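Each remark here refers to the structure printed beneath this line.
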Amino acid sequence: MARARIVIRNKTGVFDPEGKVVHGGLARLGHDNVQEVRVGKVIDLTVDSSDAEVMRAQIDRMCREFLVNPVMEDYSVEFFDE
Amino acid sequence: MKFAVVVFPGSNCDRDCEHVLSNVVGASVVTAWHGDRDLPAVDCVVLPGGFSYGDYLRAGAIAKISPIMESVAAFARRGGAVIGICNGFQVLLECGLLPGAMHRNRSLRFICKDTFVRCASSRTPFTSQLSPGDVLRLPIAHAEGNYFIAETELKSLQDNEQIIFQYASQSGEVGAEHNPNGSVYNIAGVCNTEGNVLGMMPHPERAAESILGNRDGLSLFAAIAESL
């Protein structure tokens with residue numbers, strides 16, 4: 001079994017509405033030294049796979065086809081051994 | 001003249017679409033459930049508004065992998081007429097049947113009000129009773145209607161006459177001040193290169209009867225019914 005963590009973020013320069021709202025909220029709570037907030041998504045996968053290369057390629061395909069919208073989002077993948 | 005209205009879990013405008021097509025336009029309508037693989041033999045497919053799959057992952061994203069969408073995509077590729085309204089437009093974008101993507105409204109608010117849209121091109125079977133320059137008053141009700149497309153692809157939309165509706169004033173002046181959600185180029189609706197698939201954020205099915213005080217949306221359904 002292998003675990004992968006996919007972190008999905010809006011592309012830099014792309015409108016990040018959640019980041020904007022959270023930034024405003026933090027300022028309202030007194031944290032007015034926060035320069036920037038960007039909010040993303042984390043997807044943790046547990047995959048039945050023994051081949052790291054194959055799994056990497058499979059996860060890239062999952063991201064391209066479904067988990068990530070390539071028009072607006074970027075992603076990174078981290079692998080953890082189990 | 002037969003229509004199929006696709007119903008996803010969370011769709012909530014399917015009955016309004018069915019009502020307009022069946023009772024106002026007088027066409028034959030069936031519903032197509034998201035879990036069915038086969039689309040009935042129809043002339044036009046309607047993807048209605050709502051919150052399919054709770055907008056999980058991204059609005060319209062999960063619909064992409066529903067069994068019915070394979071058939072709808074094949075139908076569209078064969079030249080079949082498809083209209084996606086609001087969430088339906090989001091589904092078409094996520095499925096790659098229309099170019100671009102949908103952001104949250106620039107104001108970050110859910111906006112529910114009448115807008116004016118100017119018909120930029122009437123080349124789809126749904127807009128064939130309109131002329132470029134015609135202005136329709138149509139209601140919108142969305143939080144993610146901020147249509148986005150990259151510069152180079154926007155140029156392609158313009159060159160290929162794929163921009164069908166833009167937010168405008170009552171007299172038809174397109175501009176950011178009339179754009180409720182911040183969409184690129186004030187776009188409210190686009191079609192594919194072939195012109196058989198239309199996606200639009202406003203709800204024509206909510207403006208198709210005099211009793212509701214607005215019939216501006218009726219021609220979009222009547223035009224397709226009469227063209228086939």
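Chain labels run A, B, ... following the order of the structure tokens; each chain numbers its residues from 1, and ligands are numbered from 1 in the order shown.
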With 8 Å as the limit and counting only C-alpha atoms, what residues in chain B lie close to chain A? Please list them as JSON, numbers by chain.
{"B": [57, 61, 94, 100, 101, 103, 104, 106, 108, 149]}
Can you list every residue in region 1-93 of chain B that DSSP puts in alpha helix (DSSP H), as a PyMOL selection string?
chain B and resi 14-19+67-77+87-93
Would you save the residues from that selection as a JSON list (two decimals), in the first residue's frame, using C-alpha atoms?
[["chain", "number", "residue", "atom", "x", "y", "z"],
["B", 14, "ASP", "CA", -35.18, 20.00, -14.40],
["B", 15, "ARG", "CA", -38.90, 20.29, -13.76],
["B", 16, "ASP", "CA", -38.99, 23.91, -14.93],
["B", 17, "CYS", "CA", -37.27, 22.85, -18.16],
["B", 18, "GLU", "CA", -39.67, 19.92, -18.57],
["B", 19, "HIS", "CA", -42.65, 22.21, -17.95],
["B", 67, "PRO", "CA", -22.74, 7.17, -16.97],
["B", 68, "ILE", "CA", -25.25, 9.36, -18.86],
["B", 69, "MET", "CA", -22.61, 11.96, -19.77],
["B", 70, "GLU", "CA", -20.74, 9.48, -21.98],
["B", 71, "SER", "CA", -23.86, 9.18, -24.11],
["B", 72, "VAL", "CA", -24.50, 12.92, -23.99],
["B", 73, "ALA", "CA", -20.90, 13.59, -25.11],
["B", 74, "ALA", "CA", -21.26, 11.09, -27.97],
["B", 75, "PHE", "CA", -24.58, 12.70, -28.94],
["B", 76, "ALA", "CA", -22.93, 16.14, -28.96],
["B", 77, "ARG", "CA", -19.98, 14.88, -31.03],
["B", 87, "ASN", "CA", -25.03, 24.11, -13.55],
["B", 88, "GLY", "CA", -25.59, 22.49, -16.95],
["B", 89, "PHE", "CA", -23.12, 24.99, -18.43],
["B", 90, "GLN", "CA", -20.65, 24.11, -15.65],
["B", 91, "VAL", "CA", -21.06, 20.41, -16.51],
["B", 92, "LEU", "CA", -20.38, 21.08, -20.20],
["B", 93, "LEU", "CA", -17.22, 23.00, -19.28]]
If you run DSSP over the backbone, which residues in chain A end up strand (DSSP E)? Put them as a list in words.
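The residues of chain A classed as strand (DSSP E) are Ala2, Arg3, Ala4, Arg5, Ile6, Val7, Ile8, Arg9, Asn10, Lys41, Val42, Ile43, Asp44, Leu45, Thr46, Val47, Glu73, Asp74, Tyr75, Ser76, Val77, Glu78, Phe79, Phe80 and Asp81 of chain A.
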CA of Met1 (chain B) to CA of Ser22 (chain B): how many Å, to one decimal?
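Answer for the CA of Met1 (chain B) to CA of Ser22 (chain B) separation: 10.7 Å.
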Would you tabulate, counting only C-alpha atoms, all residues of region 3-117 of chain B that have an atom at most 6 Å from an atom of region 138-146 of chain B, showing the closest pair of atoms and their distance in Å to one decimal, sorted by chain then ascending number, as a Markdown table?
| residue | atom | partner | partner_atom | distance |
| --- | --- | --- | --- | --- |
| B:Met102 | CA | B:Asn146 | CA | 5.5 |
| B:His103 | CA | B:Asn146 | CA | 4.8 |
| B:Arg104 | CA | B:Glu144 | CA | 4.0 |
| B:Asn105 | CA | B:Asn146 | CA | 5.0 |
| B:Arg109 | CA | B:Ala143 | CA | 6.0 |
| B:Phe110 | CA | B:Ala143 | CA | 4.0 |
| B:Ile111 | CA | B:Ala141 | CA | 5.4 |
| B:Cys112 | CA | B:Ala141 | CA | 4.1 |
| B:Lys113 | CA | B:Pro139 | CA | 5.4 |
| B:Asp114 | CA | B:Pro139 | CA | 4.0 |
| B:Thr115 | CA | B:Leu138 | CA | 5.5 |
What gap, in Å, lies between CA of Gly195 (chain B) and CA of Glu177 (chain B)?
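Computing it gives 28.3 Å between the two atoms.
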Under the rule that only C-alpha atoms are counted, which of B:Thr152, B:Ser66, B:Gln162, B:Ser171 is the nearest residue to Ile187 (chain B)?
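Smallest distance to Ile187 (chain B) is found for B:Gln162.
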Env of region 74-78 of chain A: 10 Å cut, atoms = only C-alpha atoms, seq-sep filter 6 positions within chain, self excluded. Answer as a PyMOL selection string.
chain A and resi 3-12+40-44+56+59-60+63-64+67-68
For Val37 (chain A): contacts at 7 Å, only C-alpha atoms, fewer than 4 positions along chain excluded, given as a PyMOL selection string
chain A and resi 19-20+22-23
Just the selected residues (all heavy atoms), exported as a short mmCIF file (atom, residue, chain, number, x, y, z; two decimals), in the first residue's frame, please.
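The result, stored in part-v1.cif:
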data_model
loop_
_atom_site.label_atom_id
_atom_site.label_comp_id
_atom_site.auth_asym_id
_atom_site.auth_seq_id
_atom_site.Cartn_x
_atom_site.Cartn_y
_atom_site.Cartn_z
N GLY A 19 -9.35 32.61 -0.61
CA GLY A 19 -8.20 33.28 -0.01
C GLY A 19 -8.56 34.71 0.38
O GLY A 19 -8.21 35.19 1.46
N LYS A 20 -9.31 35.33 -0.51
CA LYS A 20 -9.70 36.73 -0.27
C LYS A 20 -10.61 36.83 0.96
O LYS A 20 -10.44 37.70 1.82
CB LYS A 20 -10.41 37.26 -1.52
CG LYS A 20 -10.76 38.72 -1.46
CD LYS A 20 -11.37 39.20 -2.79
CE LYS A 20 -11.86 40.63 -2.63
NZ LYS A 20 -12.62 41.09 -3.79
N VAL A 22 -10.91 34.65 3.44
CA VAL A 22 -10.19 34.26 4.66
C VAL A 22 -9.26 35.39 5.10
O VAL A 22 -9.16 35.70 6.30
CB VAL A 22 -9.40 32.95 4.42
CG1 VAL A 22 -8.47 32.65 5.59
CG2 VAL A 22 -10.36 31.79 4.22
N HIS A 23 -8.63 36.04 4.13
CA HIS A 23 -7.74 37.16 4.44
C HIS A 23 -8.51 38.26 5.17
O HIS A 23 -8.07 38.78 6.20
CB HIS A 23 -7.14 37.69 3.12
CG HIS A 23 -5.98 38.61 3.32
ND1 HIS A 23 -5.37 39.26 2.27
CD2 HIS A 23 -5.33 39.00 4.44
CE1 HIS A 23 -4.38 40.00 2.74
NE2 HIS A 23 -4.32 39.86 4.05
#
One-decimal distance in Å that lies between CA of Ala176 (chain B) and CA of Asp134 (chain B)
18.4 Å
Measuring between only C-alpha atoms, which one of B:His203, B:Pro48, B:Asp55, B:Asp159 shows the shortest distance to Gly84 (chain B)?
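Under the stated criterion, the closest residue is B:Pro48.
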